[in-house]
Amino acid sequence: MLTVEEIDAGYKDLQALWGISLAVNEGEIVALVGPNGAGKTTTLRVISGLLKPSAGCVLLRGRSLAKEPAHRIVELGISQVPEGGRIFTGLTVLENLELGAFGSNARKVKDQSLQWVFGIFSRLEERQRQRAGTLSGGERQMLAIGRALMSKPGLLLLDEPSFGLAPLLVEQIFQMITEINRQGVTILLVEQNVRAALELTQRAYVIENGRIVGQGSGEALLSFESVRSAYLGSS
Amino acid sequence: MTGKRIITLVLIIAVLALLAALPAVVSRDSIINMAVLVLLYVALASSWNILGGYTGQTNLGHAAFFGLGGLTTRLLWLSAGWSLFPSLLAGAGAATTLALIIGTPAFKLKGVYFAIGTLALGQVLNVTVGDMFPMITSLPVQQLVSYQLLPRYYLFVGLAVLTVGTAYVLVNSRLGLGMMAVREEEEAAESLGVSAFRHKLLALVVSAFLAGLTGGAFAFYHVGYYPQFLFSPVWTFDALMMAYIGGTGTIIGPIIGALFFVVAKELLALRLVEIHLTVFGTLFILVVLFLPGGFVQAWASIRRALVRQLGARGVRLASRRQAS
Amino acid sequence: MRSRISVLFVLVFVMSGLLTACGSPTAAPATQVPATQAPEPTDVPKPPTPAAIEIGASMPLTGKYGALGAMVKPGYEYAVADINAAGGIYVKEYDAKIPLRLTIYDDESDPTKAVSKLETLYSDQKVVAYLGGAGSDMHAATSAIAEKNGVPYCGVAFALWQIHQQGYRYLFSPFPKSPDQARDVYEILNGLPEGERPTKVAIFQEKTDWGIELGGLWKDNAATYGYEVVAYEEYAPRSEDFSGMILKAQAAGAQTLLAMPSPPDGLAMVKQMAELGWAPEFSLIIRAPENVTWGETLGTTGDYITIFPGWHNGEKFPGVAELNAAYQAQFGRPADLLTGPAYACVQIFADAIARAGTLDRAALRDAVAATDMMTVVGPVTFNADGTGNVLNPLIQWQSGKLELVWPPEQATADLLFPAPAFDKR
Amino acid sequence: MLGPIAQNLVFGIMVGGLYGLAAVGLSLVFGVTKFLNVAHGELLMLGGYAGFWIFTLWGVDPFLSLPLVVVCLVLIGLVLYKLLFARMVKLTEENKIKNTLLVGFGLSLVFQNMALRLWSADDRGITTAYSGQALTLFGVRFPVVRLASLAIAVVTLLLLDLFLHRTYTGKAIRATVQDWEAATLMGIDIHRVYLLSFVVGAAVAGIAGALVSVGYSIEPAMGLEWTLIALIVMVLGGLGSIVGTFVGGLVLGVTQSLTSYWIGGTYREIVALLIFLVVLVFRPQGLFGSKEG
């Protein structure tokens, strides 16, 4: 479904990604793991078009996204949940969700999508009239994911959905992610919580210093020595 | 001593020599007058740049310091009969005092709130001075008859040198590093033990002192004006434009900005009486569009491009040599 | 290295300070280029005749005084054109008629720019006389430059009297001043039958030097002429809202309004007077209603207001008709209020140059001081302080037109009094 | 005693409404785009001249011609955005403020001189047949022109508020104000949002200018003063709140009027500015601004 080929990218004079290649197949959950500053978020930004690569290309179902501006890529079916959620705190929960369905196609089926999202995150339905700024950390993350789902994406990019959440909540969020995937949404997940991520996913890529250094099935990687020592610590 | 530094030093000496010799080279008062204006704006824009450029606090009330310095100096020098240098110092002192008074409340404000807060503060002084001193201040006839431009010119030379020199010394000191750290990331600076407030206040005080001195020099230079005139927000905006168009946060930026601003505007005003402002406005927009970071940044990128090109050619030459 | 640069800065600063303090030793008047040679023995050949007599003006063509500058500028230009059409001015020193050359710069209503423009005129064009701009702040700055450079200066469009009391020798202004305006208004009102006079006076004083001067004189003179100031309100220039002042004047039962607002203030003031239903029987509003667009902008609301403008194109002096004709041809209306006085300034200089017989500035200054001539603003002589003895006409907006209503021998219409309520105009 | 004060209050509210309207346009543009367009006062001036021109050339009532004025300013806004401001979108916030300030400064010079050539430096204004009329209620006079101006200001404000809160585009604008990158991830084309806000800001400035030409007067050099007022009111109300900005304008207008009645006309500006500063010291985010933004 998504193919990333030999991407170089960076900010100003600082190159952050070096020849990144990865592929996500329809229906999969794929994780991208690695230490802080390895280039995980940058990779997602390239895929969603916020950052244009200096070399290489991103293909969605074989179609190049090189010339598409970020807001068009959403309409083409890639939706990103940015790190920290970045919900619109000054707007209500409902308004946040509505904005998720901003694209013209998504807007036509807005009410349907809303029911779908409320089905997954029932808490959001209860709080739909509230200002998003008043939500708790877990609710904010749910809203961020729900908002991304409103565009009816084929591919959902999740950037650190577990960040800053209590372990219990993390488990809950991951269950919901599995549920979303089960309902037919392909997922590319960036996580620092490597163990949780690898348990969840079929396949994973390991990124370090802007380069892909390993890949394999989740379980295989869990037993991958360098991954073990580097990210799972002594446990 | 690196080669680059020697070049800088030679350039500085050359500019200073030129400034010193200018009156001997040109005998026309109009040129000296224009030079006075350039130097005045060099001092004003450089003093603004200390707080606005290096410390990242956009002060839109700079005219208040300039005006207060001018007002105090003029009153002491002209009305109270003080001699010039004590009056100038008193003017700068008055501006500094104002800076100390307003510093604490002003730096509670961040970003655009600070900018507009200082703007309002400047306007308070502007209106108050207009109200309290509605009368013109003109030089008395005896002084007019014996008015000499050259001492005034040299005062402005000294002032511009002092301002630029202070800015240079300051930004190359530990304090200057702290100021720039505050500009880049206030919280990060705090976490490194850099007190944002103290650095901002220091920058404000130095900036106000120099602006006050500049105002005082203007008071010594100008034959007749209303005291309120020095408090007009236009002084602030002019200084800010010059720093911006030259390049904020650099020593040379405000100097180039002032030179461009004054000379271009003056020459246009003399040649195109009817449409000079339209032309200047358009020119200004074009400069901003094509050199978005100001002259200094544009020069830097041109140089980078040149170096890259030369470097590439160098490589090509080298490889050709190897091939042959 | 860094410290070396710092030391350099300090050194230069100290040196320049010394230069400033001692007055530069090289500060010999290299700039004092003599405009002409001193008179010489007759056997020496005459100095070469200059191609033109240079005169110059720095005036506000843009900025807040732009409207005033626009009225003054054509006055200078027509006068110069008329004199040159007659071949120029005969200067005895050269035994030749020399044309005038007028250089005009825009100072953007900014006194600093005005100063630099005058310095340019002095050092580049080497002008023998300055023509003034407009607006009292501008004159205050520029007349000081004239004094400094020793260049005769003729300025109109300012009634400020104080400026003439500083001992300036080169400043001349053939224009009515505050004391005239403060006296004449009561003289005119006392021409009305006793019992009909609007004796309760409200003064709206702008807090500027001229406002303070004129407002104070109006107040001081009131009692002498049998008037009572029932409301005296000060305001800062550029106030949008005058309702507070109007309400007080209205409550005090004022019948006469005396004010000197700038154009935007004057328009706002009169609009709000209409809205609040306060129509004084007599209004003297100097400055704002001089704007040529006053009648067009306010319609009937602007009627009945009187002004001391300094001049009016209905005056019956020689040259006025020709000036009006030229103005009509170019602008489609007779000459504006400030155009005549501006024209007169050039006439005065031309006359003085001819009498002085030289282009020497000091001699020219003495000749101007001795002026006694007829101009488009009537007979002009100067007092020792440089103020002119000139006619101070009163004009009134009547049906959207400016009519000259005083003095009677010049009048083009009668003074309309009392003014009716605004909705009855 | 109460009568004059009430009367004074009426005038204060009316002038405050204009301050508010002038600031609302600036606040919208700044909030969304972080463009600090210091030529805002000049846009106001152009709006004033547009109304004035339509009135003198065709005799169209200044209130009826407002839609035309809006069209003019929308066009001007479009051209300015496409020609100049669109190039600033990609800059960092700090550079955006800097560069737009510089461009705005250049523009203000150009517009001032254009106006000077087109309409001369004379002060102009619109006086209609009903200009001096006033409704009297409990002894207080309500000048019809000012009443209508205030009504238009309020309606403009309410429409703007409805637009921002009830329409999809409006919500997209508000989302962009908060986090333009997250907004992009929603599929919002921020270029269009910027363009729209800029144009709407220009249109609101135009309306304010036309109302100024009816109630007061206009001249080519009026821009700076109105830009300063708009900046101060924008911050007084607090960024990010349209209604707050408008209320900030009312507060300023009323303070000025009451000051000039009670303390004296010379102090109206000083007192208002001091109150503004005091507000800032105690509420550094303005009257209605939230710290969250």
# chains A, B, ... in the order shown; residues from 1 in each chain; ligands from 1
>>> interface_residues(of="chain D", to="chain C", cutoff="7 Å", atoms="only C-alpha atoms", output="number ranges by chain")
D: 4, 8, 11, 121-127, 132-134, 141, 143, 216-217, 221, 257, 260-261, 264-266
>>> write_last_selection(atoms="C-alpha atoms", output="PDB file, in the first residue's frame")
ATOM      1  CA  PRO D   4     -24.465  64.910  29.975  1.00  0.00           C
ATOM      2  CA  ASN D   8     -21.047  61.406  26.685  1.00  0.00           C
ATOM      3  CA  PHE D  11     -20.468  59.099  22.000  1.00  0.00           C
ATOM      4  CA  ALA D 121      -4.101  65.899   0.812  1.00  0.00           C
ATOM      5  CA  ASP D 122      -7.336  67.642   1.831  1.00  0.00           C
ATOM      6  CA  ASP D 123      -9.462  66.108   4.529  1.00  0.00           C
ATOM      7  CA  ARG D 124     -12.573  64.533   3.127  1.00  0.00           C
ATOM      8  CA  GLY D 125     -15.697  63.143   4.611  1.00  0.00           C
ATOM      9  CA  ILE D 126     -19.220  62.159   3.733  1.00  0.00           C
ATOM     10  CA  THR D 127     -22.136  64.256   4.878  1.00  0.00           C
ATOM     11  CA  GLY D 132     -26.909  66.049  11.657  1.00  0.00           C
ATOM     12  CA  GLN D 133     -30.082  64.274  12.767  1.00  0.00           C
ATOM     13  CA  ALA D 134     -30.424  62.513  16.042  1.00  0.00           C
ATOM     14  CA  ARG D 141     -29.372  62.319  21.680  1.00  0.00           C
ATOM     15  CA  PRO D 143     -27.042  60.724  16.221  1.00  0.00           C
ATOM     16  CA  TYR D 216     -15.283  61.744  11.067  1.00  0.00           C
ATOM     17  CA  SER D 217     -12.950  62.524   8.200  1.00  0.00           C
ATOM     18  CA  ALA D 221      -1.828  60.300   6.168  1.00  0.00           C
ATOM     19  CA  SER D 257     -14.942  60.061  26.368  1.00  0.00           C
ATOM     20  CA  SER D 260     -12.436  64.163  28.406  1.00  0.00           C
ATOM     21  CA  TYR D 261     -15.682  65.036  30.171  1.00  0.00           C
ATOM     22  CA  GLY D 264     -10.350  67.345  30.396  1.00  0.00           C
ATOM     23  CA  GLY D 265      -9.867  66.838  26.692  1.00  0.00           C
ATOM     24  CA  THR D 266      -6.086  66.885  26.922  1.00  0.00           C
TER      25      THR D 266
END
>>> select_by_dssp(residues="region 98-297 of chain C", states="strand (DSSP E or B)", output="MDAnalysis selection string")
chainID C and resid 98 100:106 129:131 153:154 171:173 200:206 228:235 256:259 282:285
>>> residues_around(residues="region 103-105 of chain A", least_positions_apart="3", cutoff="10 Å", atoms="only C-alpha atoms", output="ChimeraX atom specification")
/A:71-72,74-76,99-100,108-110,150-152 /D:186-189
>>> interface_residues(of="chain D", to="chain A", cutoff="12 Å", atoms="only C-alpha atoms", output="MDAnalysis selection string")
chainID D and resid 90 164:193 240:241 289:293
>>> closest_atom_pairs(of="chain B", to="chain D", cutoff="8 Å", atoms="only C-alpha atoms", output="tab-separated table")
residue	atom	partner	partner_atom	distance
B:Pro105	CA	D:Val281	CA	6.2
B:Ala106	CA	D:Val281	CA	7.7
B:Lys108	CA	D:Pro284	CA	6.9
B:Leu109	CA	D:Pro284	CA	5.5
B:Lys110	CA	D:Pro284	CA	7.9
B:Tyr113	CA	D:Val235	CA	6.4
B:Ile116	CA	D:Ile232	CA	6.2
B:Gly117	CA	D:Leu277	CA	6.6
B:Ala120	CA	D:Leu273	CA	6.2
B:Leu121	CA	D:Leu277	CA	7.4
B:Gln123	CA	D:Leu273	CA	7.6
B:Val124	CA	D:Ile270	CA	5.5
B:Val127	CA	D:Ile270	CA	6.4
B:Thr128	CA	D:Ile270	CA	6.8
B:Asp131	CA	D:Thr266	CA	7.0
B:Met241	CA	D:Leu102	CA	6.4
B:Tyr244	CA	D:Lys98	CA	6.9
B:Ile245	CA	D:Leu102	CA	7.7
B:Ile275	CA	D:Asn113	CA	7.3
B:Leu277	CA	D:Leu109	CA	6.0
B:Thr278	CA	D:Val110	CA	4.5
B:Val279	CA	D:Val110	CA	7.6
B:Phe280	CA	D:Gly106	CA	7.6
B:Gly281	CA	D:Gly106	CA	4.1
B:Thr282	CA	D:Gly106	CA	6.3
B:Leu283	CA	D:Gly106	CA	7.9
B:Phe284	CA	D:Gly106	CA	5.6
B:Ile285	CA	D:Val103	CA	5.2
B:Val288	CA	D:Val103	CA	6.6
B:Leu289	CA	D:Leu84	CA	7.5
B:Pro292	CA	D:Asn99	CA	6.7
B:Gly293	CA	D:Asn95	CA	7.6
>>> atom_distance(atom1="CA of Thr375 (chain C)", atom2="CA of Asp414 (chain C)")
25.0 Å
>>> decode(residues="region 58-71 of chain A", atoms="N, CA, C and O atoms", output="short mmCIF file (atom, residue, chain, number, x, y, z; two decimals), in the first residue's frame")
data_model
loop_
_atom_site.label_atom_id
_atom_site.label_comp_id
_atom_site.auth_asym_id
_atom_site.auth_seq_id
_atom_site.Cartn_x
_atom_site.Cartn_y
_atom_site.Cartn_z
N VAL A 58 7.90 8.84 -2.10
CA VAL A 58 6.88 8.14 -1.33
C VAL A 58 5.77 7.76 -2.30
O VAL A 58 5.29 8.60 -3.07
N LEU A 59 5.38 6.47 -2.29
CA LEU A 59 4.33 6.02 -3.19
C LEU A 59 3.17 5.50 -2.38
O LEU A 59 3.35 4.71 -1.44
N LEU A 60 1.97 5.95 -2.74
CA LEU A 60 0.76 5.41 -2.11
C LEU A 60 0.02 4.62 -3.19
O LEU A 60 -0.40 5.18 -4.20
N ARG A 61 -0.13 3.36 -2.97
CA ARG A 61 -0.73 2.46 -3.97
C ARG A 61 -0.11 2.72 -5.34
O ARG A 61 -0.79 2.90 -6.35
N GLY A 62 1.20 2.85 -5.34
CA GLY A 62 1.93 3.00 -6.59
C GLY A 62 1.94 4.41 -7.14
O GLY A 62 2.58 4.70 -8.15
N ARG A 63 1.25 5.34 -6.47
CA ARG A 63 1.17 6.71 -6.99
C ARG A 63 2.12 7.61 -6.19
O ARG A 63 2.11 7.59 -4.96
N SER A 64 2.92 8.38 -6.90
CA SER A 64 3.90 9.22 -6.21
C SER A 64 3.22 10.40 -5.51
O SER A 64 2.31 11.02 -6.06
N LEU A 65 3.67 10.69 -4.31
CA LEU A 65 3.10 11.80 -3.57
C LEU A 65 4.00 13.03 -3.63
O LEU A 65 3.76 14.02 -2.95
N ALA A 66 5.04 12.95 -4.47
CA ALA A 66 6.05 14.01 -4.46
C ALA A 66 5.45 15.39 -4.69
O ALA A 66 5.85 16.37 -4.07
N LYS A 67 4.47 15.46 -5.59
CA LYS A 67 3.96 16.79 -5.96
C LYS A 67 2.74 17.19 -5.14
O LYS A 67 2.20 18.27 -5.36
N GLU A 68 2.28 16.28 -4.27
CA GLU A 68 1.05 16.60 -3.54
C GLU A 68 1.35 17.42 -2.29
O GLU A 68 2.20 17.03 -1.49
N PRO A 69 0.62 18.52 -2.09
CA PRO A 69 0.79 19.25 -0.84
C PRO A 69 0.18 18.45 0.31
O PRO A 69 -0.65 17.57 0.10
N ALA A 70 0.58 18.78 1.52
CA ALA A 70 0.20 17.99 2.68
C ALA A 70 -1.32 17.83 2.81
O ALA A 70 -1.81 16.75 3.11
N HIS A 71 -2.04 18.92 2.54
CA HIS A 71 -3.48 18.81 2.76
C HIS A 71 -4.16 17.89 1.75
O HIS A 71 -5.22 17.34 2.01
#
